[in-house]
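Asker: My structure is in entry_21.txt, and what it holds is compact mmCIF, C-alpha atoms:
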```txt
# COMPACT_ATOMS: atom_id res chain seq x y z
CA GLY A 949 10.01 -55.77 -76.67
CA ASP A 950 9.53 -52.03 -76.91
CA SER A 951 11.23 -50.11 -79.71
CA VAL A 952 11.62 -46.64 -81.20
CA THR A 953 12.17 -45.92 -84.89
CA GLN A 954 13.64 -42.79 -86.40
CA THR A 955 13.69 -43.20 -90.14
CA GLU A 956 15.99 -40.30 -91.02
CA GLY A 957 19.61 -40.58 -90.03
CA GLN A 958 20.42 -37.12 -91.36
CA VAL A 959 18.29 -34.10 -92.16
CA THR A 960 19.50 -30.86 -93.75
CA VAL A 961 17.30 -27.77 -93.62
CA SER A 962 17.91 -24.14 -94.53
CA GLU A 963 17.69 -21.56 -91.78
CA SER A 964 14.17 -20.20 -91.16
CA LYS A 965 12.55 -23.22 -92.84
CA SER A 966 10.26 -25.66 -91.06
CA LEU A 967 11.38 -29.01 -89.70
CA ILE A 968 9.85 -32.35 -88.91
CA ILE A 969 11.79 -35.31 -87.54
CA ASN A 970 9.82 -38.53 -87.55
CA CYS A 971 9.53 -40.88 -84.59
CA THR A 972 7.32 -43.93 -84.21
CA TYR A 973 7.26 -46.37 -81.35
CA SER A 974 6.11 -49.84 -80.41
CA ALA A 975 5.22 -50.52 -76.79
CA THR A 976 4.05 -53.92 -75.63
CA SER A 977 3.39 -53.19 -71.97
CA ILE A 978 0.03 -52.37 -70.43
CA GLY A 979 -0.68 -48.64 -70.52
CA TYR A 980 0.94 -45.94 -72.58
CA PRO A 981 4.66 -45.21 -72.44
CA ASN A 982 6.25 -41.91 -71.47
CA LEU A 983 7.78 -40.23 -74.53
CA PHE A 984 10.85 -38.01 -74.70
CA TRP A 985 13.03 -36.06 -77.11
CA TYR A 986 16.67 -35.69 -76.15
CA VAL A 987 19.26 -33.56 -77.95
CA ARG A 988 23.03 -33.57 -78.13
CA TYR A 989 24.57 -30.30 -79.31
CA PRO A 990 28.13 -30.43 -80.69
CA GLY A 991 30.59 -30.93 -77.86
CA GLU A 992 27.90 -31.25 -75.22
CA GLY A 993 26.17 -34.05 -73.35
CA LEU A 994 22.77 -35.56 -73.94
CA GLN A 995 20.03 -33.29 -72.58
CA LEU A 996 16.28 -33.50 -72.32
CA LEU A 997 14.46 -31.35 -74.87
CA LEU A 998 10.85 -32.20 -74.05
CA LYS A 999 8.66 -34.93 -72.62
CA VAL A 1000 5.01 -35.99 -72.77
CA ILE A 1001 3.58 -38.60 -70.44
CA THR A 1002 -0.10 -38.38 -71.40
CA ALA A 1003 -1.43 -39.62 -74.72
CA GLY A 1004 -2.94 -36.86 -76.83
CA GLN A 1005 -0.95 -34.05 -75.23
CA LYS A 1006 1.73 -31.85 -76.73
CA GLY A 1007 5.10 -30.97 -75.30
CA SER A 1008 7.12 -27.92 -76.28
CA SER A 1009 10.50 -26.39 -75.58
CA ARG A 1010 12.84 -23.93 -77.33
CA GLY A 1011 10.35 -23.57 -80.20
CA PHE A 1012 10.12 -27.35 -80.75
CA GLU A 1013 6.87 -29.26 -80.37
CA ALA A 1014 5.89 -32.91 -80.31
CA THR A 1015 2.42 -34.45 -79.96
CA TYR A 1016 1.82 -37.86 -78.42
CA ASN A 1017 -0.33 -39.65 -80.99
CA LYS A 1018 -1.37 -43.00 -79.55
CA GLU A 1019 -3.41 -44.02 -82.60
CA ALA A 1020 -0.50 -43.59 -84.97
CA THR A 1021 2.03 -44.50 -82.25
CA SER A 1022 4.02 -41.44 -83.28
CA PHE A 1023 5.84 -38.61 -81.55
CA HIS A 1024 7.21 -36.45 -84.37
CA LEU A 1025 9.35 -33.43 -83.53
CA GLN A 1026 8.48 -30.18 -85.30
CA LYS A 1027 9.71 -26.63 -85.47
CA ALA A 1028 8.26 -23.85 -87.56
CA SER A 1029 11.51 -21.96 -88.20
CA VAL A 1030 14.90 -23.51 -87.48
CA GLN A 1031 18.08 -21.67 -86.64
CA GLU A 1032 21.68 -22.61 -87.25
CA SER A 1033 22.06 -23.15 -83.49
CA ASP A 1034 19.54 -26.01 -83.70
CA SER A 1035 22.11 -28.15 -85.49
CA ALA A 1036 22.47 -31.21 -83.28
CA VAL A 1037 21.60 -34.89 -82.96
CA TYR A 1038 18.04 -35.54 -81.83
CA TYR A 1039 16.95 -38.77 -80.13
CA CYS A 1040 13.42 -39.96 -79.56
CA ALA A 1041 12.96 -42.23 -76.53
CA LEU A 1042 10.34 -43.99 -74.49
CA SER A 1043 10.05 -45.49 -71.05
CA ASP A 1044 7.49 -47.92 -69.75
CA SER A 1045 5.00 -46.03 -67.61
CA SER A 1046 4.47 -48.94 -65.24
CA GLY A 1047 7.52 -51.16 -65.39
CA SER A 1048 11.23 -50.64 -65.78
CA TRP A 1049 12.35 -47.05 -66.02
CA GLN A 1050 14.95 -47.70 -68.67
CA LEU A 1051 14.90 -45.43 -71.68
CA ILE A 1052 14.70 -47.05 -75.10
CA PHE A 1053 16.20 -44.78 -77.72
CA GLY A 1054 15.80 -44.38 -81.42
CA SER A 1055 18.90 -44.33 -83.59
CA GLY A 1056 19.08 -40.54 -83.66
CA THR A 1057 18.72 -37.92 -86.38
CA GLN A 1058 21.56 -35.56 -87.21
CA LEU A 1059 20.07 -32.15 -88.03
CA THR A 1060 22.17 -29.70 -90.00
CA VAL A 1061 20.80 -26.20 -90.47
CA MET A 1062 22.35 -24.34 -93.37
CA PRO A 1063 22.76 -20.56 -93.07
CA ASN B 1141 23.80 -27.85 -59.39
CA ALA B 1142 26.80 -29.54 -60.97
CA GLY B 1143 24.77 -32.08 -62.90
CA VAL B 1144 25.75 -35.71 -63.21
CA ILE B 1145 29.51 -36.13 -62.90
CA GLN B 1146 31.38 -38.93 -64.63
CA THR B 1147 35.04 -39.75 -64.26
CA PRO B 1148 37.28 -40.28 -66.04
CA ARG B 1149 36.15 -38.58 -69.23
CA HIS B 1150 38.49 -40.75 -71.29
CA LYS B 1151 40.06 -44.07 -70.48
CA VAL B 1152 42.36 -46.21 -72.58
CA THR B 1153 43.03 -49.79 -71.52
CA GLY B 1154 44.86 -52.72 -72.99
CA LYS B 1155 42.99 -55.87 -73.87
CA GLY B 1156 42.49 -57.98 -70.75
CA GLN B 1157 42.82 -55.12 -68.28
CA GLU B 1158 40.14 -53.93 -65.88
CA ALA B 1159 38.27 -50.63 -66.22
CA THR B 1160 36.26 -48.90 -63.51
CA LEU B 1161 33.97 -46.02 -64.40
CA TRP B 1162 32.55 -43.64 -61.80
CA CYS B 1163 29.32 -41.72 -61.65
CA GLU B 1164 28.08 -39.13 -59.17
CA PRO B 1165 24.33 -38.49 -59.59
CA ILE B 1166 22.60 -35.17 -59.07
CA SER B 1167 22.10 -34.56 -55.37
CA GLY B 1168 18.65 -35.75 -54.29
CA HIS B 1169 18.15 -38.06 -57.26
CA SER B 1170 17.42 -41.60 -56.11
CA ALA B 1171 17.61 -43.44 -59.43
CA VAL B 1172 20.86 -44.01 -61.33
CA PHE B 1173 21.14 -45.50 -64.80
CA TRP B 1174 23.99 -46.74 -66.97
CA TYR B 1175 23.88 -46.77 -70.78
CA ARG B 1176 26.39 -47.54 -73.49
CA GLN B 1177 26.63 -45.82 -76.86
CA THR B 1178 28.35 -47.17 -79.94
CA ILE B 1179 28.00 -46.24 -83.59
CA VAL B 1180 26.71 -49.72 -84.47
CA GLN B 1181 24.32 -50.37 -81.56
CA GLY B 1182 23.35 -46.81 -80.67
CA LEU B 1183 22.26 -46.03 -77.11
CA GLU B 1184 21.73 -49.19 -75.07
CA PHE B 1185 20.48 -49.53 -71.52
CA LEU B 1186 22.72 -51.51 -69.19
CA THR B 1187 21.41 -51.33 -65.63
CA TYR B 1188 19.79 -49.14 -63.01
CA PHE B 1189 19.49 -48.61 -59.28
CA ARG B 1190 16.74 -47.07 -57.23
CA ASN B 1191 17.52 -45.97 -53.67
CA GLN B 1192 20.86 -47.79 -54.11
CA ALA B 1193 19.18 -51.14 -54.79
CA PRO B 1194 19.72 -52.86 -58.15
CA ILE B 1195 16.40 -52.90 -59.98
CA ASP B 1196 17.00 -53.94 -63.56
CA ASP B 1197 20.23 -55.26 -65.05
CA SER B 1198 18.66 -56.77 -68.14
CA GLY B 1199 21.03 -54.91 -70.45
CA MET B 1200 24.24 -55.92 -68.76
CA PRO B 1201 26.45 -58.44 -70.53
CA LYS B 1202 26.39 -61.59 -68.42
CA GLU B 1203 30.14 -61.82 -68.11
CA ARG B 1204 32.81 -59.31 -67.13
CA PHE B 1205 30.41 -56.40 -66.41
CA SER B 1206 29.25 -55.42 -62.94
CA ALA B 1207 27.76 -52.33 -61.36
CA GLN B 1208 27.43 -51.16 -57.80
CA MET B 1209 25.97 -48.29 -55.87
CA PRO B 1210 27.54 -48.39 -52.40
CA ASN B 1211 26.01 -45.07 -51.33
CA GLN B 1212 23.61 -42.45 -52.66
CA SER B 1213 26.40 -40.25 -53.98
CA HIS B 1214 28.13 -42.57 -56.40
CA SER B 1215 27.87 -45.61 -58.61
CA THR B 1216 30.55 -47.61 -60.39
CA LEU B 1217 30.58 -49.71 -63.53
CA LYS B 1218 33.38 -52.26 -63.66
CA ILE B 1219 34.49 -54.15 -66.73
CA GLN B 1220 36.88 -57.00 -66.16
CA SER B 1221 39.19 -58.38 -68.82
CA THR B 1222 38.25 -55.62 -71.29
CA GLN B 1223 37.90 -56.51 -74.95
CA PRO B 1224 38.05 -54.25 -78.03
CA GLN B 1225 34.28 -54.65 -78.48
CA ASP B 1226 33.80 -52.96 -75.09
CA SER B 1227 35.02 -49.70 -76.62
CA ALA B 1228 32.15 -47.25 -76.34
CA VAL B 1229 30.93 -44.13 -74.58
CA TYR B 1230 29.44 -45.10 -71.23
CA LEU B 1231 26.74 -42.74 -70.02
CA CYS B 1232 25.38 -42.36 -66.53
CA ALA B 1233 22.05 -40.69 -65.82
CA SER B 1234 20.05 -39.90 -62.71
CA SER B 1235 16.41 -39.26 -62.04
CA LEU B 1236 14.04 -38.32 -59.28
CA VAL B 1237 11.90 -41.20 -58.05
CA LEU B 1238 8.73 -39.16 -58.43
CA GLY B 1239 7.56 -37.12 -61.37
CA GLY B 1240 7.89 -37.73 -65.08
CA ARG B 1241 11.00 -39.86 -64.69
CA GLU B 1242 13.07 -37.73 -67.01
CA GLN B 1243 16.69 -38.71 -66.83
CA TYR B 1244 19.59 -36.28 -66.68
CA PHE B 1245 22.76 -37.47 -68.32
CA GLY B 1246 26.40 -37.00 -67.54
CA PRO B 1247 29.01 -36.18 -70.19
CA GLY B 1248 30.02 -39.82 -70.52
CA THR B 1249 33.24 -41.78 -70.29
CA ARG B 1250 34.85 -42.73 -73.59
CA LEU B 1251 36.46 -46.15 -73.13
CA THR B 1252 38.96 -47.31 -75.72
CA VAL B 1253 40.30 -50.85 -75.49
CA LEU B 1254 43.42 -51.40 -77.56
```
I need this file expressed as structure tokens, please.

Answerer:
Amino acid sequence: GDSVTQTEGQVTVSESKSLIINCTYSATSIGYPNLFWYVRYPGEGLQLLLKVITAGQKGSSRGFEATYNKEATSFHLQKASVQESDSAVYYCALSDSSGSWQLIFGSGTQLTVMP
Amino acid sequence: NAGVIQTPRHKVTGKGQEATLWCEPISGHSAVFWYRQTIVQGLEFLTYFRNQAPIDDSGMPKERFSAQMPNQSHSTLKIQSTQPQDSAVYLCASSLVLGGREQYFGPGTRLTVL
């Protein structure tokens, strides 16, 4: 079945430094999956950060970017300069573009931004 | 827009008791999803409805778990004879039928089975 892998469980970065959170996926269905990044800030619910439904395109939101790389089957999340308020848990997810709409999530990456 | 509403936010049950969790999707959203989150298993899909019809329940445990959507404004997840391993945060999400299918999540119900 389909799967999403986030290799880093925890990432610590100093404020104003750059960030990359890795995400790779495996999708067995025909066509390319829709890809998402969700975020959970402390004390808040899970919310959509960005999405990309077309291979090769880039999504962006709140200074974060992610590019849908179908050759590498990757969807890494990047930010040029993080802020303390970015501290949160980030989840990469996919959904089948033609079949079930269920989201398949990675295990999540806890980002801590040090002042 | 109140977002997805889930009640109760916390529920504690004794082993063997029944638990019913409620979800009110965003008005106008025709798809409703249920997920479960635990530290060990992470975020797992349980089931979903589209236009109130059950579409995919492939993630639902075969026994004791059931879900319904009697009208477009709410869905319920019922767990009979709860067990300690059912302890988790249960998340409900809703989505428009058209578009990029992004799902909007509620705050979750934390179920603790003693």

Asker: What's around Asp1044 (chain A) at 9 Å? Count only C-alpha atoms, leave out sequence neighbours fewer than 6 positions away in its own chain, and write the answer as a VMD selection string.

Answerer: chain A and resid 950 975 977 to 982 1050 to 1051

Asker: Tell me the residues of chain B close to chain A, meaning within 6 Å using all atoms listed in the file, as a ChimeraX atom specification.

Answerer: /B:1182,1245,1247

Asker: Excluding same-chain residues fewer than 4 positions from region 1191-1199 of chain B, what lies within 12 Å of it counting only C-alpha atoms, as a PyMOL selection string?

Answerer: (chain A and resi 1047-1052) or (chain B and resi 1165+1168-1176+1183-1187+1203+1205-1217+1234-1237)

Asker: For CA of Ala1228 (chain B) and CA of Thr976 (chain A), determine how far apart the two atoms are, in Å to one decimal place.

Answerer: 28.9 Å

Asker: Enumerate, as a PyMOL selection string, the protein, DNA and RNA residues whose atoms approach (15.4, -27.1, -94.4) to within 12 Å, taking into account only C-alpha atoms and the coordinate frame of the file.

Answerer: chain A and resi 958-969+1026-1032+1034-1035+1059-1063

Asker: What does the distance from CA of Ala1233 (chain B) to CA of Ser974 (chain A) come to in Å, to one decimal?

Answerer: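 The value is 23.5 Å.
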
Asker: Please, what distance in Å, to one decimal, runs between CA of Val1180 (chain B) and CA of Thr1252 (chain B)?

Answerer: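 Spanning CA of Val1180 (chain B) to CA of Thr1252 (chain B) is a straight-line distance of 15.2 Å.
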
Asker: Which residue out of A:Ser1022, A:Gln1058, A:Ser1033, A:Asn970 has the minimum interatomic distance to Arg1010 (chain A) when all atoms listed in the file are used?

Answerer: A:Ser1033
